[in-house]
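**Q** Sharing start.csv (CSV, C-alpha atoms) below.
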chain,number,residue,atom,x,y,z
Q,1384,MET,CA,-9.1,52.2,72.0
Q,1385,ILE,CA,-11.4,49.5,70.8
Q,1386,PRO,CA,-12.3,47.0,73.5
Q,1387,PRO,CA,-11.4,43.4,72.8
Q,1388,ALA,CA,-15.0,42.3,73.4
Q,1389,ALA,CA,-16.0,44.2,70.2
Q,1390,PHE,CA,-13.8,42.0,68.1
Q,1391,VAL,CA,-15.0,38.8,69.9
Q,1392,ILE,CA,-18.7,39.8,69.3
Q,1393,LEU,CA,-17.9,40.5,65.7
Q,1394,ALA,CA,-16.3,37.1,65.4
Q,1395,ALA,CA,-19.4,35.5,66.9
Q,1396,LEU,CA,-21.6,37.4,64.6
Q,1397,LEU,CA,-19.6,36.4,61.5
Q,1398,PHE,CA,-19.7,32.8,62.7
Q,1399,ILE,CA,-23.5,32.6,63.0
Q,1400,LEU,CA,-23.9,34.4,59.7
Q,1401,GLY,CA,-21.8,31.6,58.2
Q,1402,ILE,CA,-24.0,29.0,59.8
Q,1403,ILE,CA,-27.2,30.8,58.6
Q,1404,ALA,CA,-25.7,30.9,55.1
Q,1405,PHE,CA,-24.8,27.2,55.3
Q,1406,PHE,CA,-28.3,26.2,56.3
Q,1407,VAL,CA,-30.2,28.6,53.9
Q,1408,LYS,CA,-28.2,28.0,50.8
Q,1409,LYS,CA,-28.9,25.0,48.5
Q,1410,ASP,CA,-25.9,24.7,46.3
Q,1411,LEU,CA,-22.6,23.1,47.3
Q,1412,LEU,CA,-20.4,26.0,46.2
Q,1413,THR,CA,-22.2,28.7,48.3
Q,1414,GLN,CA,-22.3,26.3,51.3
Q,1415,PHE,CA,-18.5,25.9,50.9
Q,1416,MET,CA,-18.1,29.6,50.9
Q,1417,ALA,CA,-20.1,29.7,54.1
Q,1418,VAL,CA,-17.6,27.3,55.7
Q,1419,GLU,CA,-14.9,29.8,54.7
Q,1420,VAL,CA,-16.7,32.6,56.5
Q,1421,MET,CA,-16.9,30.5,59.6
Q,1422,LEU,CA,-13.1,29.8,59.4
Q,1423,ASN,CA,-12.5,33.5,59.1
Q,1424,ALA,CA,-14.6,34.1,62.2
Q,1425,GLY,CA,-12.5,31.7,64.1
Q,1426,ASN,CA,-9.3,33.5,62.9
Q,1427,LEU,CA,-10.8,36.8,64.1
Q,1428,ALA,CA,-11.4,35.4,67.5
Q,1429,PHE,CA,-7.9,34.0,67.7
Q,1430,LEU,CA,-6.4,37.4,66.8
Q,1431,ALA,CA,-8.6,39.3,69.2
Q,1432,LEU,CA,-7.6,37.0,72.1
Q,1433,ALA,CA,-4.0,37.1,71.0
Q,1434,LYS,CA,-4.0,40.9,71.3
Q,1435,ALA,CA,-6.0,40.9,74.6
Q,1436,LEU,CA,-3.5,38.4,76.1
Q,1437,GLY,CA,-0.4,40.1,74.6
Q,1438,LYS,CA,0.9,36.8,73.1
Q,1439,ALA,CA,1.9,36.1,69.5
Q,1440,ASP,CA,0.8,32.4,69.6
Q,1441,GLY,CA,-2.7,33.4,68.4
Q,1442,GLN,CA,-1.2,34.8,65.2
Q,1443,MET,CA,0.7,31.6,64.6
Q,1444,VAL,CA,-2.5,29.6,64.9
Q,1445,VAL,CA,-4.1,32.0,62.3
Q,1446,LEU,CA,-1.3,31.4,59.9
Q,1447,PHE,CA,-1.7,27.7,60.1
Q,1448,VAL,CA,-5.5,28.0,59.8
Q,1449,ILE,CA,-5.1,30.0,56.6
Q,1450,THR,CA,-2.7,27.4,55.2
Q,1451,VAL,CA,-5.0,24.5,56.1
Q,1452,ALA,CA,-8.0,26.5,54.7
Q,1453,ALA,CA,-6.2,26.8,51.4
Q,1454,ALA,CA,-5.5,23.1,51.2
Q,1455,GLU,CA,-9.1,22.4,52.2
Q,1456,ALA,CA,-10.5,24.7,49.6
Q,1457,VAL,CA,-8.5,22.9,46.9
Q,1458,ILE,CA,-9.7,19.5,48.0
Q,1459,GLY,CA,-13.3,20.6,48.5
Q,1460,LEU,CA,-13.5,22.3,45.1
Q,1461,ALA,CA,-12.0,19.2,43.5
Q,1462,ILE,CA,-14.7,17.1,45.1
Q,1463,ILE,CA,-17.4,19.5,44.0
Q,1464,VAL,CA,-16.1,19.4,40.4
Q,1465,LEU,CA,-16.2,15.6,40.6
Q,1466,VAL,CA,-19.8,15.7,41.9
Q,1467,PHE,CA,-20.8,18.1,39.1
Q,1468,ARG,CA,-19.1,16.0,36.5
Q,1469,GLN,CA,-21.0,12.9,37.5
Q,1470,ARG,CA,-24.4,14.4,38.3
Q,1471,ARG,CA,-24.5,17.6,36.2
Q,1472,SER,CA,-25.7,19.4,39.3
Q,1473,ILE,CA,-24.4,20.8,42.5
Q,1474,ARG,CA,-27.7,21.4,44.2
Q,1475,THR,CA,-28.0,19.6,47.4
Q,1476,ASP,CA,-31.6,18.8,46.7
Q,1477,ASP,CA,-30.4,16.6,43.8
Q,1478,LEU,CA,-27.9,14.7,45.9
Q,1479,LYS,CA,-30.1,12.4,48.1
Q,1480,ASP,CA,-28.8,9.0,47.5
Q,1481,LEU,CA,-28.2,8.4,51.2
Q,1482,ARG,CA,-31.9,9.1,52.0
Q,1483,GLY,CA,-33.4,5.8,52.9
S,208,MET,CA,-10.3,57.2,64.8
S,209,ALA,CA,-9.6,53.5,65.1
S,210,LEU,CA,-13.1,53.0,66.4
S,211,VAL,CA,-14.5,54.7,63.2
S,212,ILE,CA,-12.4,52.5,61.0
S,213,PHE,CA,-13.5,49.4,63.0
S,214,VAL,CA,-17.2,50.2,62.7
S,215,ILE,CA,-16.9,50.9,58.9
S,216,LEU,CA,-14.9,47.7,58.3
S,217,SER,CA,-17.1,45.5,60.5
S,218,VAL,CA,-20.3,46.8,58.9
S,219,LEU,CA,-18.8,46.2,55.4
S,220,CYS,CA,-17.8,42.7,56.4
S,221,ALA,CA,-21.0,41.6,58.0
S,222,GLY,CA,-23.0,43.4,55.3
S,223,ALA,CA,-21.2,41.6,52.6
S,224,VAL,CA,-21.9,38.2,54.2
S,225,VAL,CA,-25.6,39.1,54.6
S,226,ALA,CA,-25.6,40.1,50.9
S,227,MET,CA,-24.1,36.7,50.1
S,228,ILE,CA,-27.0,35.1,52.0
S,229,ILE,CA,-29.6,37.1,50.0
S,230,SER,CA,-28.0,37.0,46.6
S,231,ARG,CA,-28.7,33.9,44.4
S,232,ASN,CA,-25.9,34.4,41.9
S,233,GLN,CA,-22.8,32.4,42.7
S,234,ALA,CA,-20.3,34.7,41.1
S,235,HIS,CA,-21.8,37.6,43.0
S,236,ASN,CA,-21.5,35.5,46.1
S,237,ALA,CA,-17.8,35.0,45.6
S,238,LEU,CA,-17.3,38.7,44.9
S,239,PHE,CA,-19.2,39.6,48.1
S,240,LEU,CA,-16.9,37.2,50.0
S,241,VAL,CA,-13.8,38.9,48.5
S,242,LEU,CA,-15.2,42.2,49.9
S,243,ALA,CA,-15.9,40.6,53.3
S,244,PHE,CA,-12.4,39.0,53.5
S,245,SER,CA,-10.6,42.2,52.4
S,246,SER,CA,-12.4,44.2,55.1
S,247,LEU,CA,-11.6,41.4,57.6
S,248,GLY,CA,-8.0,41.9,56.6
S,249,GLY,CA,-8.3,45.5,57.6
S,250,ILE,CA,-9.7,44.5,61.0
S,251,PHE,CA,-6.7,42.2,61.4
S,252,GLY,CA,-4.6,45.2,60.9
S,253,LEU,CA,-6.4,47.0,63.6
S,254,LEU,CA,-5.7,44.1,65.9
S,255,ASN,CA,-2.0,44.8,65.6
S,256,ALA,CA,-1.4,41.8,63.4
S,257,PRO,CA,0.0,43.2,60.1
S,258,PHE,CA,1.3,39.9,58.8
S,259,ALA,CA,-2.0,38.1,59.3
S,260,ALA,CA,-3.7,41.0,57.6
S,261,VAL,CA,-1.4,40.8,54.5
S,262,VAL,CA,-1.8,37.0,54.4
S,263,GLN,CA,-5.6,37.4,54.7
S,264,VAL,CA,-5.8,39.7,51.7
S,265,LEU,CA,-3.3,37.8,49.6
S,266,VAL,CA,-4.3,34.2,50.3
S,267,TYR,CA,-8.0,34.5,51.2
S,268,ALA,CA,-9.3,37.4,49.2
S,269,GLY,CA,-6.7,36.7,46.4
S,270,ALA,CA,-6.0,33.1,46.0
S,271,ILE,CA,-8.8,31.1,47.5
S,272,MET,CA,-11.7,33.3,46.2
S,273,VAL,CA,-10.1,33.3,42.7
S,274,LEU,CA,-10.1,29.6,43.0
S,275,PHE,CA,-13.8,29.7,43.7
S,276,LEU,CA,-14.4,32.0,40.8
S,277,PHE,CA,-12.5,29.6,38.5
S,278,ALA,CA,-14.7,26.7,39.8
S,279,ILE,CA,-17.8,28.8,39.1
S,280,MET,CA,-16.5,29.4,35.6
S,281,MET,CA,-16.0,25.7,35.1
S,282,PHE,CA,-19.5,24.8,36.2
S,283,ASN,CA,-21.0,27.3,33.8
S,284,LEU,CA,-24.4,27.0,35.5
S,285,ARG,CA,-27.0,28.3,33.2
S,286,GLN,CA,-29.9,28.3,35.5
S,287,PRO,CA,-29.7,30.6,38.6
S,288,ALA,CA,-30.1,29.0,41.9
S,289,PRO,CA,-33.7,28.1,42.5
S,290,PRO,CA,-35.8,30.1,45.0
S,291,GLU,CA,-35.9,28.6,48.4
S,292,ARG,CA,-39.4,27.5,48.9
S,293,LYS,CA,-39.0,25.8,52.3
S,294,ARG,CA,-39.1,28.8,54.7
S,295,LEU,CA,-39.1,26.4,57.7
S,296,ARG,CA,-35.5,25.5,57.0
S,297,ALA,CA,-34.4,29.1,57.1
S,298,PHE,CA,-36.3,29.8,60.3
S,299,LEU,CA,-34.8,26.7,62.0
S,300,GLY,CA,-31.3,27.6,60.9
S,301,THR,CA,-31.7,31.2,62.1
S,302,GLY,CA,-33.1,30.1,65.4
S,303,LEU,CA,-30.2,27.6,65.9
S,304,ALA,CA,-27.7,30.3,64.9
S,305,LEU,CA,-29.2,32.8,67.4
S,306,ILE,CA,-28.9,30.3,70.2
S,307,LEU,CA,-25.3,29.7,69.3
S,308,LEU,CA,-24.7,33.4,69.1
S,309,ALA,CA,-25.8,33.8,72.7
S,310,GLN,CA,-23.6,30.9,73.8
S,311,LEU,CA,-20.6,32.3,71.9
S,312,ILE,CA,-21.0,35.7,73.4
S,313,LEU,CA,-21.3,34.2,76.9
S,314,ALA,CA,-18.2,32.1,76.3
S,315,GLY,CA,-16.3,35.2,74.9
S,316,ARG,CA,-17.2,37.2,77.9
S,317,ARG,CA,-15.9,34.5,80.2
S,318,ALA,CA,-12.7,34.2,78.1
S,319,LEU,CA,-12.1,37.9,78.3
S,320,ALA,CA,-13.0,38.1,82.0
S,321,GLY,CA,-9.5,37.3,83.3
S,322,VAL,CA,-7.7,39.5,80.8
S,323,GLY,CA,-6.2,42.7,82.0
S,324,ALA,CA,-7.4,45.9,80.4
S,325,ALA,CA,-4.0,46.8,78.8
S,326,ALA,CA,-1.8,43.8,78.3
S,327,ALA,CA,1.5,44.5,76.7
S,328,SER,CA,1.0,43.6,73.0
S,329,SER,CA,4.0,42.1,71.3
S,330,GLY,CA,2.2,40.8,68.3
S,331,GLY,CA,3.2,43.5,65.8
S,332,ASP,CA,6.8,42.4,65.6
S,333,ILE,CA,7.2,40.2,62.5
S,334,ALA,CA,10.7,39.2,63.4
S,335,HIS,CA,9.4,37.7,66.6
S,336,LEU,CA,6.7,35.9,64.6
S,337,GLY,CA,9.4,34.4,62.3
S,338,ARG,CA,11.5,33.3,65.2
S,339,LEU,CA,8.5,31.6,66.8
S,340,LEU,CA,7.6,29.9,63.5
S,341,PHE,CA,11.0,28.3,63.2
S,342,SER,CA,11.4,27.4,66.9
S,343,ASP,CA,8.3,26.5,68.8
S,344,TYR,CA,6.1,25.8,65.8
S,345,LEU,CA,8.8,24.2,63.6
S,346,TYR,CA,7.2,20.7,63.5
S,347,ALA,CA,3.8,22.2,62.7
S,348,PHE,CA,5.4,24.3,60.0
S,349,GLU,CA,7.2,21.3,58.4
S,350,ILE,CA,4.0,19.1,58.6
S,351,THR,CA,2.2,21.9,56.8
S,352,SER,CA,4.4,21.3,53.7
S,353,LEU,CA,3.3,17.6,53.7
S,354,LEU,CA,-0.3,18.7,54.0
S,355,ILE,CA,0.0,21.0,51.0
S,356,LEU,CA,1.7,18.3,49.0
S,357,ALA,CA,-1.1,15.9,49.9
S,358,ALA,CA,-3.7,18.4,48.9
S,359,LEU,CA,-2.0,19.0,45.6
S,360,VAL,CA,-1.8,15.3,44.8
S,361,GLY,CA,-5.3,14.7,46.1
S,362,ALA,CA,-6.8,17.4,43.9
S,363,LEU,CA,-5.1,16.1,40.8
S,364,ALA,CA,-6.2,12.5,41.6
S,365,LEU,CA,-9.8,13.7,42.2
S,366,ALA,CA,-10.5,16.2,39.5
S,367,GLY,CA,-7.7,15.7,37.0
S,368,LYS,CA,-8.7,14.6,33.5
S,369,LYS,CA,-8.4,10.9,33.0
S,370,GLU,CA,-6.6,10.1,29.7
S,371,GLY,CA,-8.7,7.0,28.9
S,372,GLU,CA,-12.1,8.6,29.3
Output the structure of this file as structure tokens.

**A**
Amino acid sequence: MIPPAAFVILAALLFILGIIAFFVKKDLLTQFMAVEVMLNAGNLAFLALAKALGKADGQMVVLFVITVAAAEAVIGLAIIVLVFRQRRSIRTDDLKDLRG
Amino acid sequence: MALVIFVILSVLCAGAVVAMIISRNQAHNALFLVLAFSSLGGIFGLLNAPFAAVVQVLVYAGAIMVLFLFAIMMFNLRQPAPPERKRLRAFLGTGLALILLAQLILAGRRALAGVGAAAASSGGDIAHLGRLLFSDYLYAFEITSLLILAALVGALALAGKKEGE
């Protein structure tokens, strides 16, 4: 069978790929997608440990994470739509009002 | 056999995310993520979690990414994303991410150290999951409904068309 460590390493790999995508990309939408990748990596780690420990609680956490991620995607996209409507741009280089 | 499927699915998943990092087209990015999340659903199935696998494909690859595609359609960005000229940022981000990868693997090894090789897995039983959802996790489940309502109202308040404008 597949060792649980393989799943945990895949989860860590996916998480850092999400972080790299978040830092490399310059538009809000793709950065938001990178956040979703990181959430999924967390889900994978939860499921891997749930199987390794033989408990179902990890699966419950994954269900709640997916629900919260759906709500978060709705709010995040609404905010991005709002930013685009006011600025005509979703590039993070154009959004530098907070720079002193 | 399961190992072969695992390797195929994990290469698909990680490769799709890498392709998302390389590609500059946002619609292609969203489609790459659909591929990544679908193969991740397959991996969830390998982990003896069929319900999480189905929810992953339905909600993530289905609903959330379609929401992203609709948002991309609304933006209607004519110009493709600009080329990244600052290489320094990519290098710094990659270095930070590699350090974090090492830490995560160390932490994962420690988390798995005390685990027996073959723990009895009870996760595949959906009836058990349902009972757990409505007993131990009942409060969290009910509060989730409030959260979804708040997200619905919030999205309407933020991005809904104002009548006067």

**Q** Contacts from chain Q to chain S, 8 Å maximum, all atoms listed in the file: show me the residue list as a ChimeraX atom specification.

**A** /Q:1384-1385,1387-1388,1391-1393,1395-1397,1399-1404,1406-1410,1412-1413,1416,1420,1423,1427,1430-1439,1442-1443,1445-1447,1449-1451,1453-1458,1460-1462,1464-1465,1467

**Q** So what do you get for atom CA of Q:Val1444 versus atom CA of Q:Gln1414, distance-wise?

**A** 24.2 Å

**Q** I need every residue sitting at most 9 Å from the point (-16.6, 19.0, 55.9) (coordinates as in the file, only C-alpha atoms considered), written as a list in words.

**A**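 Residues with an atom at most 9 Å from (-16.6, 19.0, 55.9): Phe1415, Val1418 and Gly1459 of chain Q.
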
**Q** How many Å lie between atom CA of S:Leu242 and atom CA of Q:Asp1476, rounded to one decimal?

**A**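 Computed distance, atom CA of S:Leu242 to atom CA of Q:Asp1476, equals 28.8 Å.
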
**Q** Have a look at atom CA of Q:Ala1417 and atom CA of Q:Lys1479 and let me know their distance in Å, one decimal.

**A** 20.9 Å

**Q** With 3 Å of padding per side, what axis-aligned box (centre and edge lengths, Å, one decimal) covers all the listed atoms of stretch 1396-1403 of chain Q? Give it as JSON.

**A**
{"center_x": -23.4, "center_y": 33.2, "center_z": 61.4, "size_x": 13.6, "size_y": 14.4, "size_z": 12.4}

**Q** From the options Q:Ala1389, Q:Leu1422, Q:Leu1411, Q:Ala1394, which residue's atoms come nearest to Q:Leu1478, counting all atoms listed in the file?

**A**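 Of Q:Ala1389, Q:Leu1422, Q:Leu1411, Q:Ala1394, the one nearest Q:Leu1478 is Q:Leu1411, counting all atoms listed in the file.
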
**Q** Closest to Q:Met1421 among Q:Ala1452, Q:Val1466, Q:Ile1473, Q:Leu1481, using only C-alpha atoms?

**A**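 That would be Q:Ala1452, the residue with the smallest distance to Q:Met1421.
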